[in-house]
Amino acid sequence: MAGVAAMLTAALVGLHAPTASAAGGEYTVVQCDPLNRGHQASVSDSRAYEGHNFCAEASQDYALKLLNVKDAETGRLGLARWSAPAPLAIVGASLQYKARNDSGHHARIFAADAAGRETKRIVSGQTDAAPFRSIALRFPPASQIVAWLRCDRGGGCPRSDQAKTWMRNVRMTVADYRDPSFSGLDGSLWASGWRRGSHGLTAVALDEGTGLERIVATTNGAQLALTNGQCPGRIPGTALSSRVIPCGPNGELRLTADTTRAPFRNGANATSVCAIDFAGNRRCDQRTVWVDNAPPQLAFANEQDPSDPELIRAPVSDPHSGVASGRILFRAQGESEWEPLSTRHEGGELRARVDSASYPPGRYEFKAEASDVAGNAADSASRANGEPMVLSFPLREPVRLSTHMPGGSPRQTVSYGTDSRVAGRLMDSSGEPLRNHEVRIEEYFGPGALIDRRVREVRTDARGRFASKLPAGPSRAVTAIYEGTPRYLNRRSSAGRLAVRSRASFRVSRRKVRAGKAVVFRGKVGRLGARIPAGGKLVELQVREGPSSWNTVREAFRTNDRGRYRLRYRFGTFYERDARFRFRVKVAREQRWPYKAPSGSKSRRVVVKAR
């Protein structure tokens with residue numbers, strides 16, 4: 001995948017490199033030649049000199065001729081010139097000529113600058129008659145080739161039939177010193193990122209020298225498209241031109257490329273668009289076009305992990321643009337709607353978890369979907385081995401969880417301030433103990449307790465057993481909870497209810513009292529882990545009237561907010577003999593009191609002495 005990452009980086013920045021040739025391409029302009037029986041020379045006559053175009057006439061030697069026809073004043077001339085406007089320059093010439101001086105008339109052919117100043121002599125006239133001669137030479141860049149016949153003698157030159165400057169088979173070597181340029185280059189093929197399918201490209205180019213000869217697009221060394229420029233100066237079947245400026249300045253290429261077909265291939269494609277002028281100068285824009293027309297490879301794993309059967313895995317890969325996104329869906333067999341699962345892509349897989357215990361038992365089918373960065377998509381409802389991806393819910397294994405308090409009864413009653421215990425065992429569905437698994441013991445206290453819930457965590461031993469202390473405090477319900485693992489289902493088991501009796505202390509100010517006198521009863525109600533109700537805890541003073549019969553004295557009363565109470569009681573004067581009584585307080589049943597009630601205190605004896 002490192003290679004894919006590198007390609008992705010390149011795709012995001014849109015690798016491209018405009019390139020140009022070293023400007024100075026050359027071409028040949030043919031004039032007055034068997035390949036071009038015409039010329040583009042500018043011919044200037046005067047009264048004494050005439051220029052004649054006989055390039056197409058065999059009887060006139062196919063020549064461009066400058067002739068003297070009258071007496072000429074000094075400095076008068078007949079002239080033919082070929083001009084090459086910037087950025088063009090003439091750097092060489094070959095031609096056949098006759099150049100004869102006579103009677104002060106001088107023949108000359110030379111290279112000149114834009115102002116007509118001679119920069120290089122090509123031909124000088126001779127005084128004897130001679131056949132056509134040939135010359136070929138190169139010279140520094142010049143703007144013109146000039147041929148003239150001129151009177152150079154002071155006092156003028158008489159008419160001469162011998163003076164002449166004739167030329168034929170003229171071939172000029174022209175250099176173009178400017179590359180073409182793109183005035184427009186766009187289209188989806190030229191955008192950054194990965195591509196698939198068909199994409200377009202438009203290139204508009206300009207050349208200010210020889211003109212645009214062609215625009216060509218290539219990929220991986222093969223031509224994609226070609227647009228030829230308008231080049232009326234090209235001599236058919238050759239690379240020669242009949243004009244100094246052979247082609248028009250503008251050109252446009254439009255193409256639609258199908259990246260699914262050669263020369264494109266998945267991955268990197270070296271692509272360029274080049275504008276080329278008649279001299280061979282070129283301007284190219286080169287880019288790496290990243291192509292991916294192949295969908296991701298996707299299938300579910302052949303087996304579920306027995307230690308984590310609710311983990312659904314679908315290996316996915318894409319060797320080109322890379323996997324962009326994916327998801328896993330499922331449905332009960334026979335249903336039409338798919339339900340998506342929260343899916344992540346990591347480790348070369350699509351991964352999702354399904355809580356199989358939350359759905360009705362049965363057969364469920366799964367489907368995976370993935371797309372790559374280029375937009376290709378794939379889906380699969382099968383494992384890599386071709387089997388359909390169908391699972392039976394629940395996927396996790398059930399467990400057995402037993403929980404109990406001492407004695408095994410679902411309800412245990414203990415005295416105030418007494419600790420207790422809860423114990424149990426955890427096994428798999430076959431009865432094998434589950435070792436070193438965490439079990440949570442939760443105690444749920446009733447209204448009026450200072451806390452609503454207390455949690456302790458314990459671990460099973462080698463036999464799957466566990467135990468936990470239940471500290472002293474109010475009455476509570478006790479439950480063991482196993483949260484499960486990726487392999488085992490969760491489970492909870494109620495151990496029952498721990499009922500804790502209320503407790504109250506009870507004291508009397510004196511054990512003996514004369515009739516008509518009073519005693520004071522005082523004490524407090526136990527409130528470990530409990531909150532005294534607003535207004536105090538309701539208690540009753542009771543006196544025993546039989547072996548197991550108690551009767552309430554006066555009305556029930558309340559403690560203070562700390563559970564303490566004090567009650568003054570006066571005995572009557574009607575006693576004729578000593579009387580013995582046993583007193584106690586009873587903690588009354590009351591809403592939002594988290595201890596078991598009613599519950600009585602220890603009794604105290606009081607002797608009433610008769611008068």
# chains A, B, ... in the order shown; residues from 1 in each chain; ligands from 1
>>> residues_around(residues="range 524-530 of chain A", least_positions_apart="3", cutoff="7 Å", atoms="only C-alpha atoms", output="number ranges by chain")
A: 448-450, 473-474, 502-505, 563-565, 594
>>> residues_around(residues="Gly209 in chain A", least_positions_apart="5", cutoff="10 Å", atoms="only C-alpha atoms", output="list in words")
Ala84, Pro85, Ala86, Pro87, Leu88, Ala89, Ala175, Asp176, Tyr177, Arg178, Asp179, Pro180, Val244, Ile245, Pro246, Cys247, Gly248, Pro249, Asp277, Phe278, Ala279 and Asn281 of chain A
>>> residues_around(residues="Gly464 in chain A", least_positions_apart="2", cutoff="6 Å", atoms="only C-alpha atoms", output="ChimeraX atom specification")
/A:425-426,433-435,460-462
>>> select_by_dssp(residues="range 464-573 of chain A", states="strand (DSSP E)", output="ChimeraX atom specification")
/A:465-470,476-482,491-500,507-508,512-514,518-524,538-544,550-558,564-570
>>> residues_around(residues="Ile312 in chain A", least_positions_apart="4", cutoff="8 Å", atoms="only C-alpha atoms", output="PyMOL selection string")
chain A and resi 300+304+351-354
>>> write_last_selection(atoms="C-alpha atoms", output="PDB file, in the first residue's frame")
ATOM      1  CA  PHE A 300     -16.172 -11.634   4.096  1.00  0.00           C
ATOM      2  CA  GLN A 304     -15.883 -16.079  12.585  1.00  0.00           C
ATOM      3  CA  ARG A 351     -14.960  -4.255  10.646  1.00  0.00           C
ATOM      4  CA  ALA A 352     -18.268  -3.963  12.450  1.00  0.00           C
ATOM      5  CA  ARG A 353     -19.809  -5.361  15.603  1.00  0.00           C
ATOM      6  CA  VAL A 354     -23.336  -6.701  15.845  1.00  0.00           C
TER       7      VAL A 354
END
>>> closest_residue(among="A:Arg331, A:Arg501, A:Arg396, A:His199", to="Lys596 in chain A", atoms="only C-alpha atoms")
A:Arg501
>>> atom_distance(atom1="CA of Leu311 in chain A", atom2="CA of Gly326 in chain A")
15.7 Å
>>> residues_around(residues="Asp292 in chain A", least_positions_apart="5", cutoff="10 Å", atoms="only C-alpha atoms", output="list in words")
Trp194, Arg195, Arg196, Gly197, Thr259, Thr260, Phe264, Arg265, Asn266, Gly267, Ala268, Asp318, Pro319, His320, Ser321, Gly322, Asp372, Val373, Ala374, Gly375 and Asn376 of chain A
>>> atom_distance(atom1="CA of Arg168 in chain A", atom2="CA of Ile145 in chain A")
13.7 Å
>>> closest_residue(among="A:Gly237, A:Pro471, A:Gly496, A:Gly348", to="Thr418 in chain A", atoms="only C-alpha atoms")
A:Pro471
